[in-house]
>>> print(open('data.pdb').read())   # PDB, C-alpha atoms and all ligand atoms
ATOM      1  CA  MET A   1      15.412 -33.212  35.571
ATOM      2  CA  ASN A   2      12.835 -35.410  33.802
ATOM      3  CA  LEU A   3      13.595 -34.579  30.169
ATOM      4  CA  CYS A   4      10.389 -36.257  29.009
ATOM      5  CA  ASP A   5       8.105 -34.219  31.250
ATOM      6  CA  ILE A   6       6.061 -31.938  29.016
ATOM      7  CA  GLU A   7       6.241 -28.964  31.415
ATOM      8  CA  THR A   8      10.025 -29.356  31.658
ATOM      9  CA  ILE A   9      10.327 -29.616  27.861
ATOM     10  CA  ARG A  10       8.283 -26.411  27.412
ATOM     11  CA  ALA A  11      10.231 -24.552  30.113
ATOM     12  CA  VAL A  12      13.699 -25.549  28.850
ATOM     13  CA  LEU A  13      12.909 -24.974  25.176
ATOM     14  CA  GLY A  14      11.150 -21.688  26.027
ATOM     15  CA  ARG A  15      14.215 -20.447  27.931
ATOM     16  CA  HIS A  16      16.327 -21.032  24.812
ATOM     17  CA  GLY A  17      13.728 -19.629  22.388
ATOM     18  CA  PHE A  18      13.661 -22.993  20.580
ATOM     19  CA  HIS A  19      10.915 -23.861  18.085
ATOM     20  CA  PHE A  20      10.337 -27.369  16.703
ATOM     21  CA  SER A  21      11.267 -27.865  13.072
ATOM     22  CA  LYS A  22       8.972 -30.211  11.178
ATOM     23  CA  SER A  23      11.445 -30.471   8.310
ATOM     24  CA  LEU A  24      14.129 -31.816  10.713
ATOM     25  CA  GLY A  25      11.747 -34.494  12.009
ATOM     26  CA  GLN A  26      11.760 -33.060  15.516
ATOM     27  CA  ASN A  27       9.337 -35.109  17.607
ATOM     28  CA  PHE A  28      10.645 -35.358  21.161
ATOM     29  CA  LEU A  29       9.754 -38.193  23.537
ATOM     30  CA  THR A  30       7.378 -37.455  26.409
ATOM     31  CA  ASP A  31       7.360 -40.949  27.963
ATOM     32  CA  ALA A  32      10.468 -41.494  30.075
ATOM     33  CA  SER A  33      10.132 -45.296  29.932
ATOM     34  CA  VAL A  34      10.908 -45.266  26.191
ATOM     35  CA  PRO A  35      14.474 -43.807  26.239
ATOM     36  CA  ARG A  36      15.172 -45.901  29.358
ATOM     37  CA  ARG A  37      14.156 -49.125  27.596
ATOM     38  CA  ILE A  38      16.074 -48.186  24.434
ATOM     39  CA  ALA A  39      19.227 -47.480  26.481
ATOM     40  CA  GLU A  40      18.820 -50.682  28.525
ATOM     41  CA  GLN A  41      18.527 -52.849  25.428
ATOM     42  CA  SER A  42      21.065 -50.972  23.290
ATOM     43  CA  GLY A  43      24.161 -52.732  24.642
ATOM     44  CA  ALA A  44      25.535 -49.359  25.836
ATOM     45  CA  ALA A  45      26.439 -50.716  29.271
ATOM     46  CA  GLU A  46      28.295 -53.723  27.828
ATOM     47  CA  THR A  47      30.051 -52.033  24.902
ATOM     48  CA  GLY A  48      30.822 -48.728  26.577
ATOM     49  CA  CYS A  49      30.951 -46.622  23.400
ATOM     50  CA  VAL A  50      27.808 -45.212  21.817
ATOM     51  CA  VAL A  51      26.980 -43.070  18.805
ATOM     52  CA  GLU A  52      23.564 -41.431  19.051
ATOM     53  CA  VAL A  53      21.867 -39.799  16.075
ATOM     54  CA  GLY A  54      19.694 -36.752  16.796
ATOM     55  CA  PRO A  55      19.842 -36.200  20.571
ATOM     56  CA  GLY A  56      17.173 -33.466  20.448
ATOM     57  CA  MET A  57      17.040 -32.115  23.980
ATOM     58  CA  GLY A  58      18.847 -35.144  25.340
ATOM     59  CA  CYS A  59      16.379 -37.574  26.951
ATOM     60  CA  LEU A  60      17.980 -40.644  25.341
ATOM     61  CA  THR A  61      21.495 -39.181  25.593
ATOM     62  CA  ASP A  62      20.976 -38.813  29.356
ATOM     63  CA  GLU A  63      20.008 -42.501  29.700
ATOM     64  CA  LEU A  64      22.978 -43.539  27.535
ATOM     65  CA  CYS A  65      25.417 -41.396  29.557
ATOM     66  CA  ARG A  66      24.255 -43.204  32.713
ATOM     67  CA  ARG A  67      25.237 -46.574  31.223
ATOM     68  CA  ALA A  68      28.064 -46.082  28.707
ATOM     69  CA  ALA A  69      31.651 -44.949  29.153
ATOM     70  CA  ARG A  70      31.414 -42.499  26.222
ATOM     71  CA  VAL A  71      28.554 -41.124  24.154
ATOM     72  CA  VAL A  72      29.036 -39.213  20.908
ATOM     73  CA  ALA A  73      25.785 -37.617  19.738
ATOM     74  CA  VAL A  74      25.390 -36.194  16.231
ATOM     75  CA  GLU A  75      22.885 -33.331  16.042
ATOM     76  CA  LEU A  76      22.182 -31.282  12.932
ATOM     77  CA  ASP A  77      20.270 -28.418  14.557
ATOM     78  CA  ARG A  78      22.693 -25.846  16.044
ATOM     79  CA  ALA A  79      19.830 -24.332  18.048
ATOM     80  CA  LEU A  80      19.855 -27.467  20.242
ATOM     81  CA  LEU A  81      23.500 -27.121  21.332
ATOM     82  CA  PRO A  82      22.837 -24.664  24.206
ATOM     83  CA  VAL A  83      19.782 -26.726  25.194
ATOM     84  CA  LEU A  84      21.911 -29.883  25.434
ATOM     85  CA  ALA A  85      24.619 -28.038  27.395
ATOM     86  CA  GLU A  86      21.942 -27.336  30.013
ATOM     87  CA  THR A  87      20.095 -30.671  30.032
ATOM     88  CA  LEU A  88      23.247 -32.834  30.084
ATOM     89  CA  SER A  89      25.210 -30.645  32.521
ATOM     90  CA  GLU A  90      25.477 -33.436  35.105
ATOM     91  CA  HIS A  91      27.408 -35.679  32.669
ATOM     92  CA  ASP A  92      31.001 -35.366  31.484
ATOM     93  CA  ASN A  93      31.178 -38.481  29.300
ATOM     94  CA  TYR A  94      29.452 -37.131  26.195
ATOM     95  CA  GLU A  95      30.340 -35.061  23.169
ATOM     96  CA  ILE A  96      28.004 -33.396  20.700
ATOM     97  CA  VAL A  97      29.128 -33.431  17.076
ATOM     98  CA  GLN A  98      27.180 -30.787  15.201
ATOM     99  CA  GLY A  99      26.438 -31.958  11.670
ATOM    100  CA  ASP A 100      24.403 -34.066   9.283
ATOM    101  CA  VAL A 101      24.770 -37.766  10.091
ATOM    102  CA  LEU A 102      24.375 -38.576   6.391
ATOM    103  CA  ALA A 103      27.398 -36.448   5.510
ATOM    104  CA  LEU A 104      29.664 -38.028   8.130
ATOM    105  CA  ASP A 105      32.060 -40.932   7.728
ATOM    106  CA  LEU A 106      30.733 -42.939  10.676
ATOM    107  CA  ALA A 107      33.553 -45.498  10.620
ATOM    108  CA  ALA A 108      36.133 -42.681  10.774
ATOM    109  CA  LEU A 109      34.158 -40.954  13.545
ATOM    110  CA  CYS A 110      34.184 -44.147  15.657
ATOM    111  CA  ARG A 111      37.913 -44.690  15.038
ATOM    112  CA  GLU A 112      38.637 -41.089  16.027
ATOM    113  CA  LYS A 113      36.484 -41.110  19.168
ATOM    114  CA  PHE A 114      36.746 -44.719  20.367
ATOM    115  CA  GLY A 115      39.963 -46.101  18.829
ATOM    116  CA  GLU A 116      39.739 -49.892  18.534
ATOM    117  CA  GLU A 117      36.766 -50.223  20.932
ATOM    118  CA  ARG A 118      33.542 -51.550  19.424
ATOM    119  CA  ALA A 119      30.540 -49.240  19.551
ATOM    120  CA  VAL A 120      26.754 -49.438  19.408
ATOM    121  CA  ALA A 121      24.412 -46.984  17.700
ATOM    122  CA  CYS A 122      21.185 -45.606  19.111
ATOM    123  CA  ALA A 123      18.570 -43.134  17.912
ATOM    124  CA  ASN A 124      15.072 -41.873  17.828
ATOM    125  CA  LEU A 125      15.544 -41.288  14.098
ATOM    126  CA  PRO A 126      13.994 -38.311  12.319
ATOM    127  CA  TYR A 127      11.459 -39.862   9.922
ATOM    128  CA  TYR A 128      12.750 -38.118   6.821
ATOM    129  CA  ILE A 129      16.158 -39.864   6.905
ATOM    130  CA  THR A 130      15.132 -43.325   8.149
ATOM    131  CA  THR A 131      16.228 -45.345   5.128
ATOM    132  CA  PRO A 132      19.521 -43.518   4.355
ATOM    133  CA  ALA A 133      20.410 -43.379   8.060
ATOM    134  CA  ILE A 134      19.912 -47.139   8.541
ATOM    135  CA  THR A 135      21.887 -47.748   5.344
ATOM    136  CA  ALA A 136      24.743 -45.502   6.563
ATOM    137  CA  LEU A 137      24.802 -47.153  10.014
ATOM    138  CA  LEU A 138      24.990 -50.637   8.441
ATOM    139  CA  GLU A 139      27.501 -49.720   5.736
ATOM    140  CA  SER A 140      29.881 -48.143   8.236
ATOM    141  CA  ARG A 141      30.441 -51.648   9.725
ATOM    142  CA  ALA A 142      31.298 -49.723  12.892
ATOM    143  CA  PHE A 143      28.551 -51.031  15.199
ATOM    144  CA  THR A 144      27.891 -54.320  16.963
ATOM    145  CA  ARG A 145      24.271 -53.330  17.598
ATOM    146  CA  ILE A 146      21.962 -50.663  16.164
ATOM    147  CA  THR A 147      18.839 -49.780  18.146
ATOM    148  CA  VAL A 148      16.645 -47.181  16.467
ATOM    149  CA  MET A 149      13.119 -45.898  16.734
ATOM    150  CA  VAL A 150      11.447 -45.621  13.347
ATOM    151  CA  GLN A 151       7.950 -45.438  11.887
ATOM    152  CA  ARG A 152       6.171 -48.684  12.771
ATOM    153  CA  GLU A 153       5.524 -49.546   9.114
ATOM    154  CA  VAL A 154       9.222 -49.197   8.344
ATOM    155  CA  ALA A 155      10.152 -51.497  11.237
ATOM    156  CA  GLN A 156       7.589 -54.042  10.021
ATOM    157  CA  ARG A 157       8.910 -53.723   6.464
ATOM    158  CA  ILE A 158      12.473 -54.377   7.609
ATOM    159  CA  CYS A 159      11.450 -57.485   9.584
ATOM    160  CA  ALA A 160       8.970 -58.786   6.964
ATOM    161  CA  GLN A 161       8.793 -62.334   5.635
ATOM    162  CA  PRO A 162       8.610 -63.351   1.937
ATOM    163  CA  GLY A 163       5.158 -63.237   0.372
ATOM    164  CA  THR A 164       3.818 -60.495   2.652
ATOM    165  CA  ALA A 165       2.825 -56.992   1.488
ATOM    166  CA  ALA A 166       5.528 -55.453   3.697
ATOM    167  CA  TYR A 167       8.357 -57.521   2.131
ATOM    168  CA  SER A 168      10.502 -55.238  -0.046
ATOM    169  CA  ALA A 169      13.930 -54.702  -1.585
ATOM    170  CA  PHE A 170      14.901 -52.795   1.587
ATOM    171  CA  THR A 171      13.857 -55.822   3.712
ATOM    172  CA  ILE A 172      16.324 -57.931   1.755
ATOM    173  CA  TYR A 173      19.049 -55.292   1.928
ATOM    174  CA  VAL A 174      18.786 -55.045   5.730
ATOM    175  CA  GLN A 175      18.359 -58.797   6.349
ATOM    176  CA  TYR A 176      21.384 -59.486   4.114
ATOM    177  CA  HIS A 177      23.525 -57.395   6.485
ATOM    178  CA  ALA A 178      21.878 -57.863   9.890
ATOM    179  CA  ALA A 179      19.524 -59.857  12.094
ATOM    180  CA  ALA A 180      16.473 -57.635  12.602
ATOM    181  CA  LYS A 181      13.792 -57.619  15.299
ATOM    182  CA  ILE A 182      11.185 -55.243  16.690
ATOM    183  CA  LEU A 183      11.733 -54.638  20.417
ATOM    184  CA  PHE A 184       8.522 -52.733  21.194
ATOM    185  CA  ASP A 185       5.924 -50.356  19.764
ATOM    186  CA  VAL A 186       5.660 -46.682  20.712
ATOM    187  CA  PRO A 187       2.322 -44.930  20.093
ATOM    188  CA  ALA A 188       2.174 -41.474  18.506
ATOM    189  CA  ASP A 189       0.974 -39.872  21.762
ATOM    190  CA  CYS A 190       4.400 -40.488  23.359
ATOM    191  CA  PHE A 191       5.848 -37.503  21.425
ATOM    192  CA  VAL A 192       5.623 -33.742  21.244
ATOM    193  CA  PRO A 193       4.626 -32.554  18.696
ATOM    194  CA  ARG A 194       2.462 -35.636  18.110
ATOM    195  CA  PRO A 195       3.422 -37.305  14.789
ATOM    196  CA  LYS A 196       0.774 -38.685  12.415
ATOM    197  CA  VAL A 197       2.108 -42.243  12.672
ATOM    198  CA  ASP A 198       3.011 -44.762  15.369
ATOM    199  CA  SER A 199       6.612 -45.841  15.897
ATOM    200  CA  ALA A 200       8.524 -48.951  16.888
ATOM    201  CA  VAL A 201      11.977 -49.621  18.264
ATOM    202  CA  LEU A 202      13.949 -51.771  15.882
ATOM    203  CA  GLN A 203      17.138 -53.636  16.744
ATOM    204  CA  LEU A 204      19.676 -54.665  14.117
ATOM    205  CA  THR A 205      22.589 -56.943  14.919
ATOM    206  CA  PRO A 206      25.059 -56.700  12.018
ATOM    207  CA  LEU A 207      26.257 -60.099  10.791
ATOM    208  CA  GLU A 208      29.946 -61.028  10.514
ATOM    209  CA  GLN A 209      29.167 -62.573   7.117
ATOM    210  CA  PRO A 210      26.187 -61.652   4.894
ATOM    211  CA  ALA A 211      23.087 -63.769   5.578
ATOM    212  CA  VAL A 212      23.563 -65.539   2.224
ATOM    213  CA  GLN A 213      26.672 -66.072   0.113
ATOM    214  CA  THR A 214      26.574 -64.929  -3.516
ATOM    215  CA  LYS A 215      29.131 -65.071  -6.310
ATOM    216  CA  ASP A 216      28.186 -61.572  -7.454
ATOM    217  CA  GLU A 217      26.695 -59.237  -4.822
ATOM    218  CA  LYS A 218      25.982 -56.476  -7.350
ATOM    219  CA  LEU A 219      23.992 -58.858  -9.543
ATOM    220  CA  PHE A 220      22.164 -60.222  -6.452
ATOM    221  CA  PHE A 221      20.934 -56.721  -5.527
ATOM    222  CA  ALA A 222      20.196 -55.825  -9.157
ATOM    223  CA  LEU A 223      17.883 -58.871  -9.366
ATOM    224  CA  VAL A 224      16.253 -57.979  -6.031
ATOM    225  CA  ARG A 225      15.615 -54.393  -7.143
ATOM    226  CA  ALA A 226      14.236 -55.532 -10.508
ATOM    227  CA  ALA A 227      11.911 -58.067  -8.840
ATOM    228  CA  PHE A 228      10.430 -55.431  -6.511
ATOM    229  CA  ASN A 229      10.333 -52.610  -9.089
ATOM    230  CA  MET A 230       7.653 -54.654 -10.813
ATOM    231  CA  ARG A 231       6.345 -56.738  -7.956
ATOM    232  CA  ARG A 232       2.960 -57.376  -9.629
ATOM    233  CA  LYS A 233       4.688 -59.029 -12.597
ATOM    234  CA  THR A 234       6.064 -62.553 -12.682
ATOM    235  CA  LEU A 235       9.731 -62.783 -11.772
ATOM    236  CA  VAL A 236      10.562 -63.846 -15.342
ATOM    237  CA  ASN A 237       9.026 -60.636 -16.732
ATOM    238  CA  ALA A 238      10.416 -58.432 -13.954
ATOM    239  CA  LEU A 239      13.986 -59.632 -14.610
ATOM    240  CA  GLY A 240      13.832 -58.507 -18.248
ATOM    241  CA  PRO A 241      15.363 -55.068 -17.596
ATOM    242  CA  VAL A 242      18.424 -56.641 -15.897
ATOM    243  CA  LEU A 243      18.970 -59.837 -17.884
ATOM    244  CA  GLY A 244      17.038 -59.107 -21.107
ATOM    245  CA  SER A 245      20.008 -57.747 -23.056
ATOM    246  CA  GLU A 246      21.866 -61.052 -22.551
ATOM    247  CA  MET A 247      19.020 -63.591 -22.414
ATOM    248  CA  ASP A 248      15.643 -64.106 -24.019
ATOM    249  CA  LYS A 249      12.540 -64.697 -21.922
ATOM    250  CA  GLU A 250      12.724 -68.478 -22.333
ATOM    251  CA  THR A 251      16.299 -68.546 -21.050
ATOM    252  CA  ILE A 252      15.314 -66.433 -18.034
ATOM    253  CA  ALA A 253      12.412 -68.819 -17.383
ATOM    254  CA  GLY A 254      14.845 -71.744 -17.612
ATOM    255  CA  LEU A 255      17.115 -70.038 -15.119
ATOM    256  CA  VAL A 256      14.246 -69.495 -12.672
ATOM    257  CA  CYS A 257      13.190 -73.161 -12.969
ATOM    258  CA  SER A 258      16.800 -74.361 -12.628
ATOM    259  CA  VAL A 259      16.898 -73.120  -9.022
ATOM    260  CA  GLY A 260      13.677 -74.919  -8.116
ATOM    261  CA  LEU A 261      11.234 -72.028  -8.599
ATOM    262  CA  ASP A 262       8.001 -71.994 -10.569
ATOM    263  CA  ALA A 263       8.325 -69.978 -13.812
ATOM    264  CA  ARG A 264       5.142 -68.046 -12.851
ATOM    265  CA  VAL A 265       6.397 -67.053  -9.394
ATOM    266  CA  ARG A 266       6.472 -63.385  -8.365
ATOM    267  CA  GLY A 267       9.698 -61.976  -6.954
ATOM    268  CA  GLU A 268       8.016 -60.980  -3.693
ATOM    269  CA  ARG A 269       7.747 -64.710  -2.788
ATOM    270  CA  LEU A 270      11.501 -65.355  -2.915
ATOM    271  CA  SER A 271      13.584 -65.709   0.243
ATOM    272  CA  LEU A 272      17.115 -64.275   0.439
ATOM    273  CA  MET A 273      18.415 -67.788  -0.283
ATOM    274  CA  ASP A 274      16.205 -68.051  -3.394
ATOM    275  CA  PHE A 275      17.575 -64.732  -4.681
ATOM    276  CA  ALA A 276      21.139 -65.853  -3.938
ATOM    277  CA  ARG A 277      20.681 -69.128  -5.861
ATOM    278  CA  LEU A 278      19.094 -67.261  -8.751
ATOM    279  CA  ALA A 279      21.877 -64.651  -8.818
ATOM    280  CA  ASP A 280      24.530 -67.401  -8.821
ATOM    281  CA  ALA A 281      22.794 -69.257 -11.656
ATOM    282  CA  ALA A 282      22.521 -65.970 -13.612
ATOM    283  CA  ALA A 283      26.187 -65.139 -12.940
ATOM    284  CA  ASP A 284      27.254 -68.588 -14.229
ATOM    285  CA  ARG A 285      25.080 -68.215 -17.309
ATOM    286  CA  LEU A 286      26.407 -64.708 -18.042
ATOM    287  CA  LYS A 287      29.982 -66.019 -17.758
ATOM    288  CA  GLY A 288      29.049 -68.928 -20.030
ATOM    289  CA  VAL A 289      29.786 -71.548 -17.333
TER     290      VAL A 289
HETATM  291  N1  LIG A 301      16.377 -37.957  20.695
HETATM  292  C1  LIG A 301      15.337 -36.960  20.882
HETATM  293  C2  LIG A 301      14.121 -37.615  21.498
HETATM  294  O1  LIG A 301      14.007 -38.848  21.403
HETATM  295  O2  LIG A 301      13.292 -36.914  22.077
HETATM  296  C3  LIG A 301      14.981 -36.269  19.577
HETATM  297  C4  LIG A 301      14.592 -37.174  18.422
HETATM  298  S1  LIG A 301      13.931 -36.298  17.041
HETATM  299  C5  LIG A 301      12.861 -37.552  16.372
HETATM  300  C6  LIG A 301      15.210 -36.340  15.811
HETATM  301  C7  LIG A 301      16.423 -35.480  16.090
HETATM  302  O3  LIG A 301      17.342 -35.635  14.989
HETATM  303  C8  LIG A 301      16.171 -33.983  16.200
HETATM  304  O4  LIG A 301      16.883 -33.472  17.278
HETATM  305  C9  LIG A 301      16.724 -33.395  14.879
HETATM  306  O5  LIG A 301      17.178 -32.063  14.985
HETATM  307  C10 LIG A 301      17.862 -34.368  14.587
HETATM  308  N2  LIG A 301      18.227 -34.460  13.166
HETATM  309  C11 LIG A 301      17.430 -34.271  12.079
HETATM  310  N3  LIG A 301      18.103 -34.518  10.952
HETATM  311  C12 LIG A 301      19.372 -34.866  11.315
HETATM  312  C13 LIG A 301      20.534 -35.227  10.582
HETATM  313  N4  LIG A 301      20.514 -35.286   9.244
HETATM  314  N5  LIG A 301      21.668 -35.512  11.262
HETATM  315  C14 LIG A 301      21.682 -35.468  12.629
HETATM  316  N6  LIG A 301      20.602 -35.131  13.385
HETATM  317  C15 LIG A 301      19.448 -34.838  12.737
END
>>> encode(input="data.pdb", output="structure tokens", more="lines below")
Ligand code: SAM
Amino acid sequence: MNLCDIETIRAVLGRHGFHFSKSLGQNFLTDASVPRRIAEQSGAAETGCVVEVGPGMGCLTDELCRRAARVVAVELDRALLPVLAETLSEHDNYEIVQGDVLALDLAALCREKFGEERAVACANLPYYITTPAITALLESRAFTRITVMVQREVAQRICAQPGTAAYSAFTIYVQYHAAAKILFDVPADCFVPRPKVDSAVLQLTPLEQPAVQTKDEKLFFALVRAAFNMRRKTLVNALGPVLGSEMDKETIAGLVCSVGLDARVRGERLSLMDFARLADAAADRLKGV
């Protein structure tokens, strides 16, 4: 069965009386090359154990089952369970976990299902949970590779370079934890129903150690958030809400200059390394070193 063929999708979903839910981000793939390419590049064949988020009617799950030893797919919509039982009937190496991926302990799920084996994660993510889902996948530390389809702008934001409009606090968060790259773009007409935006397949390879070392990770991210909360302001002004109770503006400016930055620089120009140096200098100053 070609699970991306539009007539097949209509027939199967019709048989089960299924209706797409916009609020659950249900846009199913209609181009069979897309789930095939995601599965091929996901590491499923090498790692053997896969967690998929949001199998829908199973087009990506099917491709993963052909390559991996075991696939655990987390689907929130109960109405899709009988659909998946039909579409995946030729496979016996998968399990559907009905639930909200954001409410699950993904590390515990992997331990329970795969023991000590390393796993990869895969998804055509529902748009409305993109950021928390990526955060949960990274924070679980359970995956050696995460391959997810997201809105193209989000993929570009995650892979952005300093000084560009797309560069954001979330860019820094993701790049702190993982190497990020866009594998390929997927136009909006590859889905039913057709979404308003184009998509891209993003691959994250979690790092053994964070991309930069900092003395105080909490302070590092507090400075990053402050810099991007007021990205039109100079860094010195933007840091006021975080450092202002301990330091006057001149001291903050001195701190910025002490790590080789211009006092008039905006936070959006700083690399991860710049933020790390600044956070370390601020940590030393706060401790009175
Ligand atoms: N994988 C299918 C495909 O590519 O055609 C469907 C992808 S569709 C964009 C997203 C899927 O995620 C839907 O099946 C939806 O029901 C499911 N979903 C939505 N929110 C979820 C959540 N919080 N946890 C788990 N699955 C969710």
>>> residues_near_ligand(input="data.pdb", ligand="ligand LIG 301 (chain A)", cutoff="8 Å", atoms="only C-alpha atoms and all ligand atoms", output="ChimeraX atom specification")
/A:4,21,24-30,35,53-61,74-77,80,98-103,123-129,191
>>> closest_residue(input="data.pdb", among="A:Val224, A:Cys49, A:Ala169, A:Leu235", to="Arg145 in chain A", atoms="all atoms listed in the file")
A:Cys49
>>> residues_around(input="data.pdb", residues="Ala179 in chain A", least_positions_apart="6", cutoff="7 Å", atoms="all atoms listed in the file", output="number ranges by chain")
A: 204-207
>>> resolve_selection(input="data.pdb", expression="the PyMOL selection byres (((chain A and resi 10-19) around 9) and not hetatm)", output="list in words")
Asp5, Ile6, Glu7, Thr8, Ile9, Phe20, Ser21, Met57, Ala79, Leu80, Pro82, Val83, Glu86 and Thr87 of chain A
>>> atom_distance(input="data.pdb", atom1="CA of Met1 in chain A", atom2="CA of Val97 in chain A")
23.0 Å
>>> residues_around(input="data.pdb", residues="Pro187 in chain A", least_positions_apart="4", cutoff="8 Å", atoms="all atoms listed in the file", output="tab-separated table (two decimals) with C-alpha atoms, keeping the file's coordinate frame")
chain	number	residue	atom	x	y	z
A	197	VAL	CA	2.11	-42.24	12.67
A	198	ASP	CA	3.01	-44.76	15.37
A	199	SER	CA	6.61	-45.84	15.90
>>> closest_residue(input="data.pdb", among="A:Ala121, A:Arg152, A:His177, A:Gly254", to="Ala133 in chain A", atoms="only C-alpha atoms")
A:Ala121
>>> resolve_selection(input="data.pdb", expression="the PyMOL selection byres (((chain A and resi 173) around 12) and not hetatm)", output="VMD selection string")
chain A and resid 131 134 to 135 138 to 139 157 to 160 167 to 172 174 to 180 206 210 to 212 217 to 218 220 to 225 271 to 272 275
>>> write_last_selection(input="data.pdb", atoms="C-alpha atoms", output="PDB file, keeping the file's coordinate frame")
ATOM      1  CA  THR A 131      16.228 -45.345   5.128  1.00  0.00           C
ATOM      2  CA  ILE A 134      19.912 -47.139   8.541  1.00  0.00           C
ATOM      3  CA  THR A 135      21.887 -47.748   5.344  1.00  0.00           C
ATOM      4  CA  LEU A 138      24.990 -50.637   8.441  1.00  0.00           C
ATOM      5  CA  GLU A 139      27.501 -49.720   5.736  1.00  0.00           C
ATOM      6  CA  ARG A 157       8.910 -53.723   6.464  1.00  0.00           C
ATOM      7  CA  ILE A 158      12.473 -54.377   7.609  1.00  0.00           C
ATOM      8  CA  CYS A 159      11.450 -57.485   9.584  1.00  0.00           C
ATOM      9  CA  ALA A 160       8.970 -58.786   6.964  1.00  0.00           C
ATOM     10  CA  TYR A 167       8.357 -57.521   2.131  1.00  0.00           C
ATOM     11  CA  SER A 168      10.502 -55.238  -0.046  1.00  0.00           C
ATOM     12  CA  ALA A 169      13.930 -54.702  -1.585  1.00  0.00           C
ATOM     13  CA  PHE A 170      14.901 -52.795   1.587  1.00  0.00           C
ATOM     14  CA  THR A 171      13.857 -55.822   3.712  1.00  0.00           C
ATOM     15  CA  ILE A 172      16.324 -57.931   1.755  1.00  0.00           C
ATOM     16  CA  VAL A 174      18.786 -55.045   5.730  1.00  0.00           C
ATOM     17  CA  GLN A 175      18.359 -58.797   6.349  1.00  0.00           C
ATOM     18  CA  TYR A 176      21.384 -59.486   4.114  1.00  0.00           C
ATOM     19  CA  HIS A 177      23.525 -57.395   6.485  1.00  0.00           C
ATOM     20  CA  ALA A 178      21.878 -57.863   9.890  1.00  0.00           C
ATOM     21  CA  ALA A 179      19.524 -59.857  12.094  1.00  0.00           C
ATOM     22  CA  ALA A 180      16.473 -57.635  12.602  1.00  0.00           C
ATOM     23  CA  PRO A 206      25.059 -56.700  12.018  1.00  0.00           C
ATOM     24  CA  PRO A 210      26.187 -61.652   4.894  1.00  0.00           C
ATOM     25  CA  ALA A 211      23.087 -63.769   5.578  1.00  0.00           C
ATOM     26  CA  VAL A 212      23.563 -65.539   2.224  1.00  0.00           C
ATOM     27  CA  GLU A 217      26.695 -59.237  -4.822  1.00  0.00           C
ATOM     28  CA  LYS A 218      25.982 -56.476  -7.350  1.00  0.00           C
ATOM     29  CA  PHE A 220      22.164 -60.222  -6.452  1.00  0.00           C
ATOM     30  CA  PHE A 221      20.934 -56.721  -5.527  1.00  0.00           C
ATOM     31  CA  ALA A 222      20.196 -55.825  -9.157  1.00  0.00           C
ATOM     32  CA  LEU A 223      17.883 -58.871  -9.366  1.00  0.00           C
ATOM     33  CA  VAL A 224      16.253 -57.979  -6.031  1.00  0.00           C
ATOM     34  CA  ARG A 225      15.615 -54.393  -7.143  1.00  0.00           C
ATOM     35  CA  SER A 271      13.584 -65.709   0.243  1.00  0.00           C
ATOM     36  CA  LEU A 272      17.115 -64.275   0.439  1.00  0.00           C
ATOM     37  CA  PHE A 275      17.575 -64.732  -4.681  1.00  0.00           C
TER      38      PHE A 275
END
>>> closest_residue(input="data.pdb", among="A:Ala68, A:Ile182, A:Leu3, A:Val50", to="Thr144 in chain A", atoms="all atoms listed in the file")
A:Val50
>>> resolve_selection(input="data.pdb", expression="the PyMOL selection byres (((chain A and resi 242) around 8) and not hetatm)", output="list in words")
Ala222, Leu223, Ala226, Leu239, Gly240, Pro241, Leu243, Gly244 and Ser245 of chain A
>>> residues_around(input="data.pdb", residues="Val256 in chain A", least_positions_apart="3", cutoff="10 Å", atoms="all atoms listed in the file", output="ChimeraX atom specification")
/A:235-236,250-253,259-265,274-275,277-279,281-282
>>> write_last_selection(input="data.pdb", atoms="C-alpha atoms", output="short mmCIF file (atom, residue, chain, number, x, y, z; two decimals), in the frame of the given file")
data_model
loop_
_atom_site.label_atom_id
_atom_site.label_comp_id
_atom_site.auth_asym_id
_atom_site.auth_seq_id
_atom_site.Cartn_x
_atom_site.Cartn_y
_atom_site.Cartn_z
CA LEU A 235 9.73 -62.78 -11.77
CA VAL A 236 10.56 -63.85 -15.34
CA GLU A 250 12.72 -68.48 -22.33
CA THR A 251 16.30 -68.55 -21.05
CA ILE A 252 15.31 -66.43 -18.03
CA ALA A 253 12.41 -68.82 -17.38
CA VAL A 259 16.90 -73.12 -9.02
CA GLY A 260 13.68 -74.92 -8.12
CA LEU A 261 11.23 -72.03 -8.60
CA ASP A 262 8.00 -71.99 -10.57
CA ALA A 263 8.32 -69.98 -13.81
CA ARG A 264 5.14 -68.05 -12.85
CA VAL A 265 6.40 -67.05 -9.39
CA ASP A 274 16.20 -68.05 -3.39
CA PHE A 275 17.58 -64.73 -4.68
CA ARG A 277 20.68 -69.13 -5.86
CA LEU A 278 19.09 -67.26 -8.75
CA ALA A 279 21.88 -64.65 -8.82
CA ALA A 281 22.79 -69.26 -11.66
CA ALA A 282 22.52 -65.97 -13.61
#
>>> residues_around(input="data.pdb", residues="Phe143 in chain A", least_positions_apart="5", cutoff="7 Å", atoms="all atoms listed in the file", output="list of chain:residue names")
A:Arg118, A:Ala119, A:Val120, A:Ala121
>>> residues_near_point(input="data.pdb", point="(25.9, -40.2, 25.9)", cutoff="7 Å", atoms="only C-alpha atoms", output="list in words")
Val50, Thr61, Asp62, Leu64, Cys65, Ala68, Arg70, Val71, Val72, Ala73, Asn93 and Tyr94 of chain A
>>> write_last_selection(input="data.pdb", atoms="C-alpha atoms", output="short mmCIF file (atom, residue, chain, number, x, y, z; two decimals), in the frame of the given file")
data_model
loop_
_atom_site.label_atom_id
_atom_site.label_comp_id
_atom_site.auth_asym_id
_atom_site.auth_seq_id
_atom_site.Cartn_x
_atom_site.Cartn_y
_atom_site.Cartn_z
CA VAL A 50 27.81 -45.21 21.82
CA THR A 61 21.50 -39.18 25.59
CA ASP A 62 20.98 -38.81 29.36
CA LEU A 64 22.98 -43.54 27.54
CA CYS A 65 25.42 -41.40 29.56
CA ALA A 68 28.06 -46.08 28.71
CA ARG A 70 31.41 -42.50 26.22
CA VAL A 71 28.55 -41.12 24.15
CA VAL A 72 29.04 -39.21 20.91
CA ALA A 73 25.78 -37.62 19.74
CA ASN A 93 31.18 -38.48 29.30
CA TYR A 94 29.45 -37.13 26.20
#
